file input22.txt (compact mmCIF, C-alpha atoms)
# COMPACT_ATOMS: atom_id res chain seq x y z
CA MET A 1 188.92 1.55 185.79
CA THR A 2 187.03 4.54 184.49
CA THR A 3 188.81 6.73 181.96
CA VAL A 4 188.38 10.48 182.44
CA HIS A 5 188.17 12.49 179.24
CA LYS A 6 188.77 16.22 179.17
CA THR A 7 185.91 18.12 177.54
CA ILE A 8 186.13 21.70 176.30
CA VAL A 9 183.45 23.95 177.80
CA GLY A 10 180.74 24.65 175.24
CA ASP A 11 179.30 27.94 176.54
CA ILE A 12 178.78 30.79 174.10
CA ALA A 13 181.76 33.09 174.51
CA GLY A 14 179.67 36.21 173.99
CA GLY A 15 176.94 35.23 176.39
CA GLU A 16 178.47 36.86 179.45
CA LYS A 17 177.34 40.27 180.68
CA PRO A 18 179.57 43.14 179.47
CA LEU A 19 182.26 44.13 181.96
CA GLN A 20 181.59 47.37 183.85
CA ARG A 21 184.29 50.01 183.73
CA ASP A 22 184.40 53.73 184.43
CA ILE A 23 185.31 55.98 181.52
CA GLY A 24 188.99 56.86 181.64
CA SER A 25 189.95 54.10 184.09
CA ASN A 26 192.47 51.36 183.44
CA ILE A 27 191.59 49.02 180.61
CA THR A 28 192.54 45.34 180.42
CA ILE A 29 192.40 42.85 177.59
CA GLU A 30 189.20 41.44 179.14
CA HIS A 31 187.60 44.89 178.74
CA ILE A 32 188.68 44.99 175.10
CA TRP A 33 187.24 41.54 174.49
CA SER A 34 183.97 42.60 176.11
CA LEU A 35 183.94 45.71 173.89
CA TYR A 36 184.48 43.55 170.79
CA ARG A 37 181.61 41.22 171.70
CA TRP A 38 179.01 43.74 172.80
CA TYR A 39 179.55 47.25 171.49
CA PRO A 40 178.32 48.01 167.95
CA GLY A 41 180.86 49.45 165.54
CA PHE A 42 184.10 48.31 167.17
CA ARG A 43 184.13 44.83 165.66
CA ASP A 44 183.01 46.19 162.28
CA MET A 45 185.84 48.72 162.13
CA LEU A 46 188.45 46.05 162.93
CA ASN A 47 187.02 43.57 160.44
CA LEU A 48 186.84 46.16 157.67
CA GLU A 49 190.54 46.93 158.04
CA VAL A 50 191.46 43.24 158.02
CA ASP A 51 189.22 42.61 155.00
CA ALA A 52 190.81 45.53 153.16
CA ILE A 53 194.35 44.21 153.76
CA PHE A 54 193.40 40.73 152.48
CA SER A 55 190.81 41.94 149.95
CA ASN A 56 192.51 40.51 146.85
CA GLY A 57 194.29 37.65 148.58
CA ILE A 58 197.93 36.53 148.37
CA ASN A 59 199.85 36.29 145.10
CA GLU A 60 200.77 32.64 145.86
CA ASP A 61 197.28 31.37 146.61
CA GLU A 62 198.21 27.78 145.78
CA THR A 63 200.42 27.81 148.91
CA ILE A 64 198.59 30.34 151.09
CA ASP A 65 195.20 28.83 150.34
CA HIS A 66 191.84 29.93 151.70
CA SER A 67 192.05 28.14 155.06
CA ARG A 68 195.56 29.45 155.76
CA LYS A 69 194.53 32.96 154.74
CA LEU A 70 191.64 32.82 157.22
CA GLU A 71 194.07 31.98 160.03
CA ASN A 72 196.30 34.86 158.92
CA LYS A 73 193.32 37.22 159.01
CA GLU A 74 192.49 36.01 162.50
CA ALA A 75 196.03 36.77 163.67
CA VAL A 76 195.86 40.31 162.22
CA ARG A 77 192.42 40.84 163.77
CA TRP A 78 193.70 39.90 167.22
CA SER A 79 196.80 42.05 166.80
CA LEU A 80 194.68 45.07 165.89
CA MET A 81 192.29 44.41 168.76
CA ALA A 82 194.74 43.51 171.54
CA GLY A 83 198.08 44.72 170.21
CA TYR A 84 199.72 41.35 169.61
CA SER A 85 199.08 37.72 168.61
CA VAL A 86 200.98 34.66 167.38
CA SER A 87 200.76 32.20 164.50
CA VAL A 88 201.66 28.59 165.30
CA VAL A 89 203.07 26.77 162.25
CA ASP A 90 203.42 22.98 162.05
CA ALA A 91 205.44 22.11 158.94
CA ARG A 92 206.71 18.72 160.11
CA ASP A 93 204.45 16.85 157.67
CA PRO A 94 205.32 18.15 154.18
CA ASN A 95 201.94 16.99 152.90
CA ASN A 96 199.93 18.63 155.67
CA LYS A 97 201.48 21.93 156.74
CA LYS A 98 199.24 23.82 159.17
CA VAL A 99 198.97 27.30 160.65
CA GLU A 100 196.81 28.39 163.57
CA ALA A 101 196.30 31.88 165.00
CA TRP A 102 196.30 32.30 168.78
CA HIS A 103 195.10 35.28 170.81
CA PRO A 104 196.52 36.61 174.10
CA TYR A 105 195.35 35.13 177.40
CA ILE A 106 191.69 36.06 178.11
CA ASN A 107 189.56 34.53 180.87
CA GLY A 108 191.67 31.38 181.10
CA ILE A 109 192.06 30.87 177.34
CA GLY A 110 194.91 31.96 175.08
CA PHE A 111 198.68 32.23 175.20
CA GLN A 112 201.23 33.94 177.39
CA TYR A 113 204.92 34.56 176.67
CA THR A 114 206.84 32.32 179.07
CA GLY A 115 210.37 32.28 177.64
CA PHE A 116 212.71 35.01 176.38
CA SER A 117 216.12 35.32 174.80
CA ARG A 118 218.99 37.30 176.24
CA LYS A 119 217.75 40.36 174.32
CA GLY A 120 214.15 39.96 175.40
CA LYS A 121 212.74 38.33 172.25
CA PRO A 122 210.09 35.63 172.93
CA THR A 123 211.36 32.07 172.63
CA GLN A 124 208.42 30.18 174.19
CA ILE A 125 204.69 30.57 174.76
CA THR A 126 202.31 28.61 176.96
CA VAL A 127 198.84 28.00 175.56
CA TYR A 128 195.94 27.63 178.01
CA LEU A 129 192.49 26.15 177.50
CA ASN A 130 189.52 26.00 179.86
CA THR A 131 187.96 22.56 180.16
CA ASN A 132 185.03 21.14 182.05
CA GLU A 133 186.17 21.22 185.71
CA SER A 134 184.39 17.97 186.52
CA ALA A 135 186.27 16.17 183.76
CA GLY A 136 189.88 17.04 184.31
CA GLY A 137 190.38 20.78 184.73
CA SER A 138 192.49 23.00 182.52
CA ILE A 139 194.89 22.17 179.70
CA SER A 140 198.17 23.96 179.08
CA TYR A 141 201.15 23.19 176.86
CA ASP A 142 204.34 24.92 175.77
CA ILE A 143 205.22 25.86 172.20
CA PRO A 144 208.75 26.95 171.20
CA HIS A 145 209.59 29.68 168.73
CA TYR A 146 209.71 28.34 165.20
CA PRO A 147 213.35 27.45 164.46
CA CYS A 148 214.94 30.07 162.20
CA GLU A 149 218.39 31.09 161.10
CA LYS A 150 220.17 33.14 163.75
CA ASP A 151 222.03 36.42 163.64
CA ALA A 152 225.45 37.14 165.11
CA ASP A 153 223.95 37.48 168.60
CA GLY A 154 222.10 34.17 168.43
CA GLU A 155 218.67 35.76 167.93
CA PHE A 156 216.13 34.24 165.55
CA ILE A 157 215.72 35.91 162.14
CA ASN A 158 211.97 35.53 161.75
CA ASP A 159 211.85 35.81 157.96
CA ARG A 160 214.35 32.98 157.52
CA PRO A 161 212.57 29.91 158.88
CA ILE A 162 214.05 26.42 158.70
CA GLU A 163 212.03 24.01 156.60
CA GLY A 164 209.90 21.32 158.21
CA GLN A 165 209.81 22.56 161.81
CA TYR A 166 207.20 23.49 164.46
CA GLY A 167 206.72 26.63 166.53
CA PHE A 168 205.23 30.11 166.77
CA PHE A 169 205.85 33.47 165.13
CA GLU A 170 204.94 36.63 167.04
CA HIS A 171 202.98 39.55 165.54
CA ARG A 172 202.35 43.03 166.88
CA THR A 173 200.80 46.26 165.66
CA GLN A 174 202.64 49.35 164.47
CA GLY A 175 203.57 52.25 166.71
CA ASN A 176 204.61 50.59 169.95
CA ILE A 177 207.34 50.91 172.52
CA LYS A 178 209.93 48.15 172.30
CA GLY A 179 208.88 44.79 173.69
CA VAL A 180 206.84 41.74 172.86
CA GLN A 181 203.40 43.23 173.47
CA GLY A 182 201.78 45.94 171.40
CA LEU A 183 199.32 48.80 171.45
CA PRO A 184 195.74 48.05 170.35
CA GLN A 185 195.07 49.78 167.06
CA TYR A 186 192.00 51.66 168.29
CA LEU A 187 192.72 52.02 172.00
CA HIS A 188 192.07 55.78 171.76
CA LEU A 189 188.52 55.12 170.52
CA MET A 190 187.44 52.46 173.00
CA ASP A 191 185.96 54.92 175.50
CA THR A 192 184.24 56.59 172.57
CA PHE A 193 182.51 53.34 171.63
CA LYS A 194 181.50 52.78 175.24
CA ILE A 195 180.10 56.31 175.65
CA GLN A 196 178.14 56.04 172.42
CA TRP A 197 176.51 52.76 173.34
CA ASP A 198 175.87 53.80 176.95
CA ILE A 199 173.97 56.84 175.65
CA ILE A 200 171.79 54.62 173.50
CA LEU A 201 171.13 52.24 176.38
CA ALA A 202 170.26 55.11 178.74
CA TYR A 203 167.84 56.77 176.34
CA ALA A 204 166.24 53.72 174.74
CA PRO A 205 163.71 53.00 177.56
CA TYR A 206 162.53 56.61 177.58
CA ALA A 207 162.43 56.86 173.80
CA GLU A 208 160.35 53.69 173.61
CA LYS A 209 157.66 54.93 176.03
CA GLN A 210 157.76 58.68 175.72
CA GLY A 211 159.01 59.46 172.25
CA TRP A 212 161.84 61.56 173.72
CA GLY A 213 159.33 63.69 175.62
CA MET A 214 157.58 63.70 178.99
CA PRO A 215 154.09 64.59 180.27
CA ILE A 216 153.46 67.45 182.72
CA ILE A 217 150.30 67.22 184.84
CA GLY A 218 149.00 70.19 186.82
CA LEU A 219 146.64 69.06 189.61
CA GLU A 220 143.81 71.25 190.88
CA THR A 221 144.29 69.70 194.30
CA ASN A 222 147.98 68.99 194.58
CA ASP A 223 147.97 66.79 197.64
CA LYS A 224 149.74 63.53 198.37
CA THR A 225 146.69 61.38 197.65
CA ASN A 226 146.08 62.84 194.20
CA ARG A 227 149.75 62.67 193.29
CA THR A 228 149.89 59.03 194.35
CA ASN A 229 146.78 58.20 192.29
CA VAL A 230 148.12 59.90 189.17
CA LYS A 231 151.52 58.25 189.52
CA ALA A 232 149.91 54.86 189.96
CA GLN A 233 147.73 55.34 186.88
CA PHE A 234 150.60 56.65 184.82
CA ALA A 235 152.95 53.82 185.81
CA ASN A 236 151.94 51.85 182.71
CA GLN A 237 151.37 54.82 180.40
CA PRO A 238 151.26 55.40 177.56
CA THR A 239 149.94 52.18 176.00
CA ASN A 240 147.13 51.46 173.61
CA ASN A 241 144.70 49.93 176.09
CA ARG A 242 144.90 52.11 179.21
CA ILE A 243 143.78 55.60 180.13
CA LEU A 244 144.78 58.23 182.67
CA ILE A 245 141.83 59.68 184.61
CA ILE A 246 142.11 63.12 186.21
CA SER A 247 139.75 66.01 186.95
CA ASN A 248 138.59 68.32 184.15
CA GLU A 249 140.06 71.15 186.20
CA ASP A 250 143.49 69.60 185.99
CA ALA A 251 145.95 70.51 183.25
CA VAL A 252 148.00 68.12 181.10
CA GLU A 253 150.63 68.98 178.53
CA TRP A 254 153.47 67.16 176.81
CA MET A 255 156.97 68.56 176.90
CA SER A 256 159.46 67.42 174.25
CA PRO A 257 163.16 68.18 174.08
CA GLY A 258 163.72 71.73 172.91
CA ALA A 259 166.69 73.79 171.87
CA GLY A 260 168.02 74.06 175.40
CA SER A 261 167.42 70.48 176.48
CA TYR A 262 169.95 67.65 176.50
CA ASP A 263 170.03 66.03 173.08
CA PRO A 264 172.45 63.13 172.50
CA PHE A 265 172.23 63.18 168.72
CA PRO A 266 174.91 65.86 168.09
CA MET A 267 177.28 63.90 170.32
CA LEU A 268 176.51 60.66 168.51
CA GLN A 269 177.03 62.36 165.16
CA TRP A 270 180.42 63.65 166.28
CA LEU A 271 181.43 60.19 167.48
CA ASN A 272 180.37 58.65 164.19
CA THR A 273 182.45 61.22 162.33
CA ILE A 274 185.51 60.34 164.41
CA LEU A 275 184.96 56.62 163.84
CA ALA A 276 184.52 57.11 160.10
CA ARG A 277 187.79 59.02 159.89
CA ALA A 278 189.64 56.42 161.94
CA SER A 279 188.33 53.60 159.75
CA GLN A 280 189.70 55.44 156.68
CA MET A 281 186.57 54.98 154.59
CA ASN A 282 187.15 51.20 154.41
CA LYS A 283 183.43 50.57 154.32
CA LEU A 284 183.01 52.96 151.42
CA MET A 285 185.86 51.41 149.46
CA LEU A 286 184.99 47.77 150.10
CA GLU A 287 181.22 47.91 149.79
CA GLY A 288 180.85 50.79 147.35
CA ASP A 289 178.36 53.62 147.40
CA PRO A 290 176.00 54.11 144.45
CA ALA A 291 175.44 57.72 145.51
CA GLY A 292 179.11 58.60 145.06
CA HIS A 293 180.18 60.77 148.01
CA LEU A 294 183.81 60.08 148.94
CA SER A 295 184.07 57.22 146.46
CA ALA A 296 183.90 59.87 143.70
CA SER A 297 186.96 61.65 145.06
CA GLU A 298 190.08 60.45 143.27
CA THR A 299 192.31 62.09 145.88
CA SER A 300 190.56 60.27 148.74
CA ILE A 301 190.80 56.96 146.92
CA ASN A 302 194.50 57.45 146.14
CA ASN A 303 195.25 58.41 149.74
CA TRP A 304 193.39 55.35 151.01
CA GLU A 305 195.22 53.05 148.60
CA SER A 306 198.59 54.51 149.58
CA LYS A 307 197.89 54.07 153.28
CA LEU A 308 196.65 50.53 152.78
CA GLY A 309 199.75 49.75 150.74
CA GLU A 310 201.86 50.82 153.73
CA LYS A 311 199.86 48.54 156.02
CA GLN A 312 200.26 45.62 153.63
CA ALA A 313 204.02 46.20 153.54
CA TYR A 314 204.13 46.14 157.34
CA TRP A 315 202.02 42.99 157.71
CA ARG A 316 203.96 41.25 154.96
CA GLY A 317 207.03 41.70 157.15
CA GLN A 318 205.12 40.21 160.08
CA PHE A 319 203.95 37.17 158.07
CA LEU A 320 206.87 36.51 155.75
CA GLY A 321 208.34 33.88 158.09
CA VAL A 322 204.96 32.18 158.45
CA TRP A 323 204.40 32.06 154.69
CA LYS A 324 207.89 30.80 153.91
CA ALA A 325 207.57 28.10 156.59
CA LEU A 326 204.38 26.98 154.83
CA GLY A 327 206.25 26.70 151.54
CA ALA A 328 205.87 30.11 149.89
CA SER A 329 208.70 31.81 148.02
CA GLU A 330 210.64 34.97 148.85
CA GLU A 331 208.33 36.93 146.49
CA VAL A 332 205.11 36.11 148.39
CA ASN A 333 203.06 39.22 149.00
CA PHE A 334 199.58 40.65 149.38
CA MET A 335 197.71 41.42 146.19
CA ASP A 336 197.05 45.08 145.43
CA PRO A 337 193.75 46.07 147.16
CA SER A 338 192.93 48.40 144.26
CA LYS A 339 193.41 45.77 141.57
CA PRO A 340 190.82 46.52 138.86
CA THR A 341 188.26 44.06 137.57
CA PHE A 342 188.78 42.48 134.15
CA ILE A 343 186.28 44.87 132.57
CA SER A 344 188.00 47.90 134.13
CA LEU A 345 191.37 46.56 132.96
CA MET A 346 190.11 46.27 129.38
CA ASP A 347 188.56 49.73 129.55
CA GLY A 348 192.00 51.05 130.50
CA LEU A 349 193.59 49.37 127.49
CA LYS A 350 190.90 50.78 125.23
CA ALA A 351 191.45 54.31 126.56
CA MET A 352 195.22 54.00 126.08
CA ARG A 353 194.84 52.89 122.48
CA GLU A 354 192.42 55.69 121.66
CA ALA A 355 194.81 58.22 123.18
CA PHE A 356 197.96 56.87 121.43
CA ASP A 357 196.61 55.63 118.09
CA GLY A 358 198.03 57.65 115.21
CA LEU A 359 200.48 59.49 117.47
CA VAL A 360 202.69 56.71 118.85
CA ALA A 361 204.33 53.75 117.10
CA LYS A 362 202.32 50.55 117.39
CA GLN A 363 205.11 48.66 119.16
CA ASP A 364 205.40 51.45 121.76
CA ILE A 365 201.66 51.19 122.39
CA ILE A 366 202.03 47.43 122.92
CA ASP A 367 204.93 48.05 125.33
CA GLN A 368 202.77 50.45 127.34
CA PHE A 369 199.94 47.88 127.38
CA ASN A 370 202.23 45.27 128.91
CA ILE A 371 203.60 47.70 131.51
CA TYR A 372 200.01 48.56 132.44
CA LEU A 373 199.01 44.88 132.74
CA GLU A 374 202.10 44.05 134.82
CA LYS A 375 201.49 46.93 137.24
CA ASN A 376 197.98 45.64 137.79
CA ASP A 377 199.27 42.15 138.72
CA SER A 378 198.09 40.57 135.50
CA ASP A 379 200.03 37.69 133.97
CA ALA A 380 198.63 38.50 130.54
CA THR A 381 200.78 40.02 127.80
CA VAL A 382 199.90 41.21 124.32
CA THR A 383 201.93 41.16 121.12
CA LEU A 384 201.72 43.23 117.96
CA ALA A 385 199.78 41.61 115.12
CA GLU A 386 201.85 41.13 111.98
CA GLU A 387 201.00 43.08 108.87
CA GLY A 388 198.02 41.48 107.11
CA GLU A 389 197.11 39.27 110.08
CA TRP A 390 193.82 41.09 110.70
CA ASP A 391 192.95 40.79 106.99
CA THR A 392 193.22 37.01 107.36
CA PHE A 393 190.83 37.08 110.35
CA GLU A 394 188.37 39.27 108.48
CA GLY A 395 188.05 36.81 105.64
CA GLU A 396 187.08 33.91 107.92
CA ASP A 397 183.50 32.93 108.61
CA ASN A 398 182.63 34.14 112.09
CA ASP A 399 179.29 32.27 112.23
CA ASN A 400 177.49 35.60 112.37
CA PRO A 401 176.30 36.35 108.83
CA GLY A 402 174.17 39.20 110.06
CA GLN A 403 177.19 41.18 111.26
CA GLN A 404 177.85 43.99 108.81
CA ALA A 405 180.79 45.67 110.51
CA ASP A 406 184.33 44.72 111.38
CA ASN A 407 187.05 46.41 113.34
CA LYS A 408 187.96 48.60 110.38
CA GLY A 409 184.56 50.09 109.73
CA ASN A 410 181.42 49.27 107.77
CA LYS A 411 181.49 46.86 104.85
CA GLU A 412 180.28 48.19 101.55
call {"tool": "encode", "arguments": {"input": "input22.txt", "output": "structure tokens"}}
result
Amino acid sequence: MTTVHKTIVGDIAGGEKPLQRDIGSNITIEHIWSLYRWYPGFRDMLNLEVDAIFSNGINEDETIDHSRKLENKEAVRWSLMAGYSVSVVDARDPNNKKVEAWHPYINGIGFQYTGFSRKGKPTQITVYLNTNESAGGSISYDIPHYPCEKDADGEFINDRPIEGQYGFFEHRTQGNIKGVQGLPQYLHLMDTFKIQWDIILAYAPYAEKQGWGMPIIGLETNDKTNRTNVKAQFANQPTNNRILIISNEDAVEWMSPGAGSYDPFPMLQWLNTILARASQMNKLMLEGDPAGHLSASETSINNWESKLGEKQAYWRGQFLGVWKALGASEEVNFMDPSKPTFISLMDGLKAMREAFDGLVAKQDIIDQFNIYLEKNDSDATVTLAEEGEWDTFEGEDNDNPGQQADNKGNKE
């Protein structure tokens, strides 16, 4: 007897032609997925926001390690793109707890909510996979909600999971009507992305051959035969190895876009401005800008950090049950996205000492140092050196006989 094995289809997911859709018409999740795969800028904006939220990791990275964090990022990415997603946690093996992000149902792959509580909260999902039709067809299986403590109405409390269980946690974006699904984060910009790219696609063939201009030919004898001949000759023009032959009585000139002609660049510039505002200068903050610009504005930076802190607080609420089911504590949280580097941290301490020295008691300076380090998520603490302790250090051989200065000034 021959055993039939199911084989997952290996086609490239992004290899399909983009879906066609009129501007302003209904949009489905398949359209959004097509936009994510094909249209420049949309994927980058989503990824920059996700990268910013997770930029400094989780404060319990021994539990929420790199692989688990990647799955968490995937769940946030899908929530931002489609409005909602789920994380499936398998904590039945205490030595091998796993988490996997799943996206909504798209082209036969993904999950759908298939069970609900009395109050409409999801209690079951069905996951679907496309397989090779000649080797068994599709795969689908049900996953229950991860068991959690229940409230007085019997509804799951998502941030109180029961240890060692299996199931899903639902996630959705901010700013939605009540329900299990959500609003895509950048739904209002999706037509903008499509318009922008459609303009590029429409103009690219003309820009490649004509340099955004067009030739005008005035024929001495403007009859059908001459027009046909000129059109035939010009069909492959301009290139570097062909010529256009007309009479010396004919006139030829080149017309380029002028002040009154249709120019897409102002529109594209406006669209880029809108996209930059919507992305909240994530690219600038994450990748830096040696020329300064907005990165030199302290107000802009503070506003961005405050907004990102709000987003981290929201997504912590969405993931707290997932993290605790994986073994994290009640204090698990995102790290501050604006956490300074070690060098910047030390520069801050130096500036504080220079400002306080001689004006504030030494112990008060030390207290301020430790408050500063704690606020910047540093485990380090400093203590006040006892009287004469530095004199002991100064008398020791520091293996640098050429050094003629110490921390108290030049040696005589």
call {"tool": "residues_around", "arguments": {"input": "input22.txt", "residues": "Tyr141 in chain A", "least_positions_apart": "6", "cutoff": "7 Å", "atoms": "only C-alpha atoms", "output": "ChimeraX atom specification"}}
result
/A:126-128
call {"tool": "residues_around", "arguments": {"input": "input22.txt", "residues": "Leu244 in chain A", "least_positions_apart": "2", "cutoff": "7 Å", "atoms": "all atoms listed in the file", "output": "ChimeraX atom specification"}}
result
/A:233-234,246
call {"tool": "atom_distance", "arguments": {"input": "input22.txt", "atom1": "CA of Ile200 in chain A", "atom2": "CA of Ile29 in chain A"}}
result
24.1 Å
call {"tool": "residues_around", "arguments": {"input": "input22.txt", "residues": "Lys119 in chain A", "least_positions_apart": "4", "cutoff": "10 Å", "atoms": "only C-alpha atoms", "output": "VMD selection string"}}
result
chain A and resid 153 to 155 179
call {"tool": "residues_around", "arguments": {"input": "input22.txt", "residues": "Leu308 in chain A", "least_positions_apart": "6", "cutoff": "9 Å", "atoms": "all atoms listed in the file", "output": "ChimeraX atom specification"}}
result
/A:49,52-53,337
call {"tool": "residues_near_point", "arguments": {"input": "input22.txt", "point": "(198.1, 51.5, 128.9)", "cutoff": "9 Å", "atoms": "all atoms listed in the file", "output": "list in words"}}
result
Gly348, Leu349, Lys350, Ala351, Met352, Arg353, Ile365, Ile366, Asp367, Gln368, Phe369, Asn370, Ile371, Tyr372 and Leu373 of chain A
call {"tool": "closest_residue", "arguments": {"input": "input22.txt", "among": "A:Asp90, A:Glu100, A:Asp44, A:Asp159", "to": "Arg68 in chain A", "atoms": "only C-alpha atoms"}}
result
A:Glu100
call {"tool": "atom_distance", "arguments": {"input": "input22.txt", "atom1": "CA of His103 in chain A", "atom2": "CA of Leu35 in chain A"}}
result
15.6 Å
call {"tool": "atom_distance", "arguments": {"input": "input22.txt", "atom1": "CA of Ala313 in chain A", "atom2": "CA of Asn59 in chain A"}}
result
13.7 Å
call {"tool": "residues_near_point", "arguments": {"input": "input22.txt", "point": "(183.6, 45.5, 183.9)", "cutoff": "12 Å", "atoms": "all atoms listed in the file", "output": "list of chain:residue names"}}
result
A:Glu16, A:Lys17, A:Pro18, A:Leu19, A:Gln20, A:Arg21, A:Asp22, A:Ile23, A:Ser25, A:Asn26, A:Ile27, A:Thr28, A:Ile29, A:Glu30, A:His31, A:Ile32, A:Trp33, A:Ser34, A:Leu35, A:Lys194
call {"tool": "residues_around", "arguments": {"input": "input22.txt", "residues": "Asp250 in chain A", "least_positions_apart": "3", "cutoff": "12 Å", "atoms": "only C-alpha atoms", "output": "CSV table (one decimal) with C-alpha atoms, in the coordinates of the input"}}
result
chain,number,residue,atom,x,y,z
A,216,ILE,CA,153.5,67.4,182.7
A,217,ILE,CA,150.3,67.2,184.8
A,218,GLY,CA,149.0,70.2,186.8
A,219,LEU,CA,146.6,69.1,189.6
A,220,GLU,CA,143.8,71.2,190.9
A,221,THR,CA,144.3,69.7,194.3
A,222,ASN,CA,148.0,69.0,194.6
A,226,ASN,CA,146.1,62.8,194.2
A,227,ARG,CA,149.8,62.7,193.3
A,230,VAL,CA,148.1,59.9,189.2
A,244,LEU,CA,144.8,58.2,182.7
A,245,ILE,CA,141.8,59.7,184.6
A,246,ILE,CA,142.1,63.1,186.2
A,247,SER,CA,139.8,66.0,187.0
A,253,GLU,CA,150.6,69.0,178.5
call {"tool": "closest_residue", "arguments": {"input": "input22.txt", "among": "A:Lys121, A:Thr192, A:Arg316, A:Trp254", "to": "Val76 in chain A", "atoms": "only C-alpha atoms"}}
result
A:Arg316
call {"tool": "closest_residue", "arguments": {"input": "input22.txt", "among": "A:Asn176, A:Gln363, A:Phe319, A:Leu187", "to": "Val382 in chain A", "atoms": "only C-alpha atoms"}}
result
A:Gln363
call {"tool": "closest_residue", "arguments": {"input": "input22.txt", "among": "A:Ile157, A:Ile58, A:Ile109, A:Leu183", "to": "Ala82 in chain A", "atoms": "only C-alpha atoms"}}
result
A:Leu183
call {"tool": "decode", "arguments": {"input": "input22.txt", "residues": "range 27-32 of chain A", "atoms": "all heavy atoms", "output": "mmCIF file, in the first residue's frame"}}
result
data_model
loop_
_atom_site.group_PDB
_atom_site.id
_atom_site.type_symbol
_atom_site.label_atom_id
_atom_site.label_comp_id
_atom_site.auth_asym_id
_atom_site.auth_seq_id
_atom_site.Cartn_x
_atom_site.Cartn_y
_atom_site.Cartn_z
ATOM 1 N N ILE A 27 -11.663 47.302 0.170
ATOM 2 C CA ILE A 27 -10.342 46.693 0.304
ATOM 3 C C ILE A 27 -10.467 45.454 1.186
ATOM 4 O O ILE A 27 -11.149 45.476 2.211
ATOM 5 C CB ILE A 27 -9.330 47.701 0.885
ATOM 6 C CG1 ILE A 27 -7.910 47.131 0.821
ATOM 7 C CG2 ILE A 27 -9.683 48.123 2.301
ATOM 8 C CD1 ILE A 27 -6.842 48.172 1.101
ATOM 9 N N THR A 28 -9.817 44.378 0.788
ATOM 10 C CA THR A 28 -9.833 43.130 1.543
ATOM 11 C C THR A 28 -8.433 42.863 2.062
ATOM 12 O O THR A 28 -7.464 43.533 1.698
ATOM 13 C CB THR A 28 -10.288 41.952 0.669
ATOM 14 O OG1 THR A 28 -9.281 41.713 -0.335
ATOM 15 C CG2 THR A 28 -11.622 42.262 -0.009
ATOM 16 N N ILE A 29 -8.325 41.853 2.912
ATOM 17 C CA ILE A 29 -7.016 41.521 3.456
ATOM 18 C C ILE A 29 -6.070 41.028 2.357
ATOM 19 O O ILE A 29 -4.852 41.195 2.441
ATOM 20 C CB ILE A 29 -7.155 40.478 4.589
ATOM 21 C CG1 ILE A 29 -5.850 40.386 5.376
ATOM 22 C CG2 ILE A 29 -7.576 39.119 4.054
ATOM 23 C CD1 ILE A 29 -5.967 39.575 6.645
ATOM 24 N N GLU A 30 -6.631 40.435 1.291
ATOM 25 C CA GLU A 30 -5.780 40.031 0.168
ATOM 26 C C GLU A 30 -5.156 41.247 -0.512
ATOM 27 O O GLU A 30 -4.003 41.204 -0.942
ATOM 28 C CB GLU A 30 -6.583 39.215 -0.850
ATOM 29 C CG GLU A 30 -6.831 37.761 -0.455
ATOM 30 C CD GLU A 30 -7.960 37.624 0.551
ATOM 31 O OE1 GLU A 30 -8.680 38.623 0.747
ATOM 32 O OE2 GLU A 30 -8.112 36.538 1.128
ATOM 33 N N HIS A 31 -5.934 42.351 -0.619
ATOM 34 C CA HIS A 31 -5.392 43.585 -1.190
ATOM 35 C C HIS A 31 -4.253 44.127 -0.312
ATOM 36 O O HIS A 31 -3.236 44.600 -0.820
ATOM 37 C CB HIS A 31 -6.484 44.639 -1.327
ATOM 38 C CG HIS A 31 -7.498 44.312 -2.378
ATOM 39 N ND1 HIS A 31 -8.853 44.294 -2.102
ATOM 40 C CD2 HIS A 31 -7.370 43.993 -3.693
ATOM 41 C CE1 HIS A 31 -9.509 43.974 -3.208
ATOM 42 N NE2 HIS A 31 -8.635 43.789 -4.183
ATOM 43 N N ILE A 32 -4.449 44.065 0.996
ATOM 44 C CA ILE A 32 -3.419 44.566 1.908
ATOM 45 C C ILE A 32 -2.152 43.733 1.783
ATOM 46 O O ILE A 32 -1.036 44.264 1.761
ATOM 47 C CB ILE A 32 -3.940 44.556 3.355
ATOM 48 C CG1 ILE A 32 -5.149 45.483 3.489
ATOM 49 C CG2 ILE A 32 -2.847 44.968 4.328
ATOM 50 C CD1 ILE A 32 -5.799 45.445 4.860
#
